[in-house]
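Student: Below are the structure tokens for one structure; questions will follow.
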Amino acid sequence: MKRLRLDPIACDGHGLCAELFPEGITLDDWGYPIVDGSDISGKLERQAKRAVAACPTRALHLEAAER
Amino acid sequence: MSAAAVETGWALPRLLTGIRSDRALTLAEHTATFGPLVRRRDLIETVARAGLHGRGGAAFPTARKLSAVVEQRGEPVVVVNAAEGEPASSKDRALIRLTPHLVLDGAALVADAIGAKHVVVVIAENARPEHHALAQALRERRGAFEIATVPAGFVSGEETALIQAIEGRPAKPTLKPPYPFERGYLVQNAETLAHVALIGRHGAQWFRSAGTHEAPGTALISLSGAVAQPGVHEIELGATLADVVASLGGTNEPVSAFLVAGFFGRWVTARDAASLELTASTLGAGVIVAHPARACPIAETARIARYLAGESAGQCGPCVYGLDAIVGALESLARRDSDAPLAVSRLERWTAQVRGRGACRHPDGAARLVASALDAFPAEIARLARR
């Protein structure tokens, strides 16, 4: 199981992640991502990886979910 | 003094015993007042049995923090947090200025307990009398203590910001994890350590002989606003807010509400003050401000929120833009301008949106205070929002 983790200091609110992975990321009223911290598996993991790769400031990370 | 303290024979004050108003107790006076420092092998266990919680705002169990540092590899560093960025708080500065050896004793005890050889005492850059008292006190005792300063300001006192400053970087919060204990630092509030100094001397049972079973011990409060005796006072935990204020001379004009714990705290109406029990959690950083009934609490909340928005380290978008938007909505409500009718729904939405969205808890604290205003002053808000 994996989980998304956002570094809010690095994030500049480009918003690409929310376009690429709307199932797990929405934007707030100022365009900054709200990351759903739930476990990600299977097909969604591919989408999450694309969102991570697309982030221009490398603020988004896919990490092993802590038990 | 409350009845409980009389029955058990332990009079207050504890931390403020023997203080003078004009200068710090010297080491000789300190030792004459409190007795010599007692080092004990079972310090962490004793602090756990005492039920001491941190007095910097978060009220984390002190013994758990100590144990977490012990479990890490390497030699840890003790950081005494006396930066006190909270504008309505003055208790930590008072301790450093008037009874610095009590804080330093506590720091020495926890350093022993976790195997630390170095202690860094952090104060605000502009805290000159405190710097003087501390430097004087350090000349009187042995041990590897040093003084570090951070820019005065709300966020500088946040624990990761302190560590950044100690390591020579700008005093701004960093993302957690890694937590300070994982980086080899034990960060403890100055008052917390002063309590440890006395728990070391007198033990857990003594500590618990003040306060209640659920809220043991004493705490320092910074009392201000419409009160007869503003200033730093020591109180027994477990009493209600109303009783504490009354025991300290009461209010000096009609009061509609109290700001409790600090700018990250919450509004408690004068009516609810009779049922609010003051514990380490509800007291937070120990701030109590009595708000006069003649002044608008929403305008005051807007003023505090404006301050907090300005104190953002400016690193995280939701904090920068979210707090600014929240301030705008509050000001619009206080002014009764054309956006006032929309303010409540905006404030509910935005205070929820910013929570948990920063590297540190700055947006959460500001949102909590604003949300508490929505709960505490519904009639006032309805009047302001009416077209």
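Chain lettering (A, B, ...) mirrors the order of the structure tokens, residue numbering begins at 1 for each chain separately, and ligand numbering begins at 1 in order of display.
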Neighbouring residues of Glu19 (chain A) were defined as those with any atom within 9 Å, considering only C-alpha atoms; residues of the same chain fewer than 6 positions away were excluded. Please report them as a short mmCIF file (atom, residue, chain, number, x, y, z; two decimals) with C-alpha atoms, in the first residue's frame.
Tutor:
data_model
loop_
_atom_site.label_atom_id
_atom_site.label_comp_id
_atom_site.auth_asym_id
_atom_site.auth_seq_id
_atom_site.Cartn_x
_atom_site.Cartn_y
_atom_site.Cartn_z
CA ILE A 25 -6.29 15.28 -5.18
CA THR A 26 -8.60 18.30 -5.25
CA ALA A 51 0.83 13.16 -10.71
#
Student: Taking only C-alpha atoms into account, produce a table as CSV in which each residue of chain A with an atom at most 8 Å from an atom of chain B appears once, together with its shortest atom pair and the distance in Å to one decimal, ordered by chain and rising number.
Tutor:
residue,atom,partner,partner_atom,distance
A:Asp7,CA,B:Leu175,CA,7.0
A:Pro8,CA,B:Cys316,CA,5.2
A:Ile9,CA,B:Cys316,CA,4.9
A:Ala10,CA,B:Cys316,CA,7.8
A:Cys11,CA,B:Cys316,CA,7.3
A:Asp12,CA,B:Gly317,CA,6.9
A:Gly13,CA,B:Gly317,CA,7.2
A:Asp28,CA,B:Gln353,CA,6.9
A:Trp30,CA,B:Tyr321,CA,6.7
A:Tyr32,CA,B:Gly317,CA,6.6
A:Ile34,CA,B:Arg357,CA,7.7
Student: Write the selection just made, keeping C-alpha atoms, as an mmCIF file, in the first residue's frame?
Tutor:
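Result written to selection.cif:
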data_model
loop_
_atom_site.group_PDB
_atom_site.id
_atom_site.type_symbol
_atom_site.label_atom_id
_atom_site.label_comp_id
_atom_site.auth_asym_id
_atom_site.auth_seq_id
_atom_site.Cartn_x
_atom_site.Cartn_y
_atom_site.Cartn_z
ATOM 1 C CA ASP A 7 5.453 19.005 0.994
ATOM 2 C CA PRO A 8 3.485 22.251 1.384
ATOM 3 C CA ILE A 9 6.681 24.324 1.501
ATOM 4 C CA ALA A 10 7.810 23.068 -1.896
ATOM 5 C CA CYS A 11 4.325 23.231 -3.455
ATOM 6 C CA ASP A 12 3.623 26.322 -5.562
ATOM 7 C CA GLY A 13 0.081 25.425 -6.496
ATOM 8 C CA ASP A 28 -8.644 24.460 -2.540
ATOM 9 C CA TRP A 30 -6.605 29.287 -3.871
ATOM 10 C CA TYR A 32 -3.405 24.512 -3.826
ATOM 11 C CA ILE A 34 -5.721 18.977 -0.965
#
Student: Per DSSP on the backbone, what are the alpha helix (DSSP H) residues of chain A, as a list in words?
Tutor: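 Matching residues for alpha helix (DSSP H) in chain A are Leu16, Cys17, Ala18, Glu19, Leu20, Lys43, Leu44, Glu45, Arg46, Gln47, Ala48, Lys49, Arg50, Ala51, Val52, Ala53 and Ala54 of chain A.
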Student: Extract, using only C-alpha atoms, all DNA, RNA and protein residues at most 12 Å from Cys17 (chain A), discarding same-chain residues fewer than 3 positions from it, and format them as JSON, numbers by chain.
Tutor: {"A": [4, 6, 11, 12, 13, 14, 20, 21, 22, 23, 24, 25, 26, 27, 31, 32, 33, 34, 35, 47, 48, 49, 50, 51, 52, 53, 54, 55, 56, 57, 58, 59, 60, 61]}
Student: Tell me, as a list of chain:residue names, which residues lie within 9 Å of Ala108 (chain B), counting only C-alpha atoms; anything in the same chain fewer than 2 positions away does not count.
Tutor: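 Within the cut-off, the hits are B:Arg39, B:Val78, B:Val103, B:Leu104, B:Asp105, B:Gly106, B:Val110, B:Ala111, B:Asp112, B:Ala113, B:Ala116, B:Lys117, B:Val119, B:Gly143, B:Ala197.
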Student: According to DSSP computed on the backbone, where in region 50-200 of chain B is there strand (DSSP E or B)? Give the residues as a PyMOL selection string.
Tutor: chain B and resi 53+61+77-82+118-124+144-150+185-189
Student: Taking C-alpha atoms for each residue, export the selection above as a compact mmCIF listing (two decimals), in the first residue's frame.
Tutor:
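Final file, result-v1.txt:
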# COMPACT_ATOMS: atom_id res chain seq x y z
CA HIS B 53 2.37 18.01 30.25
CA PRO B 61 3.13 14.49 27.89
CA VAL B 77 20.83 18.31 22.56
CA VAL B 78 18.42 19.93 25.00
CA VAL B 79 16.71 23.05 23.67
CA VAL B 80 14.99 25.27 26.20
CA ASN B 81 12.25 27.14 24.41
CA ALA B 82 11.84 30.55 26.00
CA HIS B 118 24.69 20.41 25.69
CA VAL B 119 21.82 22.70 26.51
CA VAL B 120 20.79 25.62 24.30
CA VAL B 121 18.47 28.21 25.81
CA VAL B 122 16.57 30.06 23.10
CA ILE B 123 15.15 33.51 23.73
CA ALA B 124 13.87 36.25 21.42
CA ALA B 144 27.59 23.26 28.85
CA PHE B 145 24.83 25.83 28.47
CA GLU B 146 24.62 28.36 25.70
CA ILE B 147 22.21 31.12 24.77
CA ALA B 148 20.78 31.39 21.26
CA THR B 149 18.42 34.04 19.96
CA VAL B 150 15.70 33.98 17.33
CA TYR B 185 16.76 17.53 19.82
CA LEU B 186 14.66 17.62 22.95
CA VAL B 187 12.71 20.87 22.75
CA GLN B 188 11.01 21.80 26.02
CA ASN B 189 9.24 24.94 27.06
Student: So that I can check the surroundings of Glu66 (chain A), please list as a list in words every protein, DNA and RNA residue that reaches within 9 Å of it, counting only C-alpha atoms and ignoring chain neighbours fewer than 4 positions away.
Tutor: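 Here the qualifying residues turn out to be Met1, Lys2 and Arg3 of chain A.
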Student: How would the residues just picked look written out with C-alpha atoms as a CSV table (one decimal), in the first residue's frame?
Tutor:
chain,number,residue,atom,x,y,z
A,1,MET,CA,0.0,0.0,0.0
A,2,LYS,CA,1.2,3.5,-0.8
A,3,ARG,CA,0.1,7.0,0.2
Student: What is the distance between CA of Phe263 (chain B) and CA of Ala299 (chain B), in Å to one decimal?
Tutor: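 Separating CA of Phe263 (chain B) from CA of Ala299 (chain B) is a distance of 14.3 Å.
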Student: Could you give me, as a list in words, the residues within 8 Å of Thr192 (chain B), counting only C-alpha atoms and dropping anything in the same chain fewer than 3 positions from it?
Tutor: Leu52, His53, Gly54, Arg55, Gly56, Thr62, Gln188, Asn189, His195 and Val196 of chain B
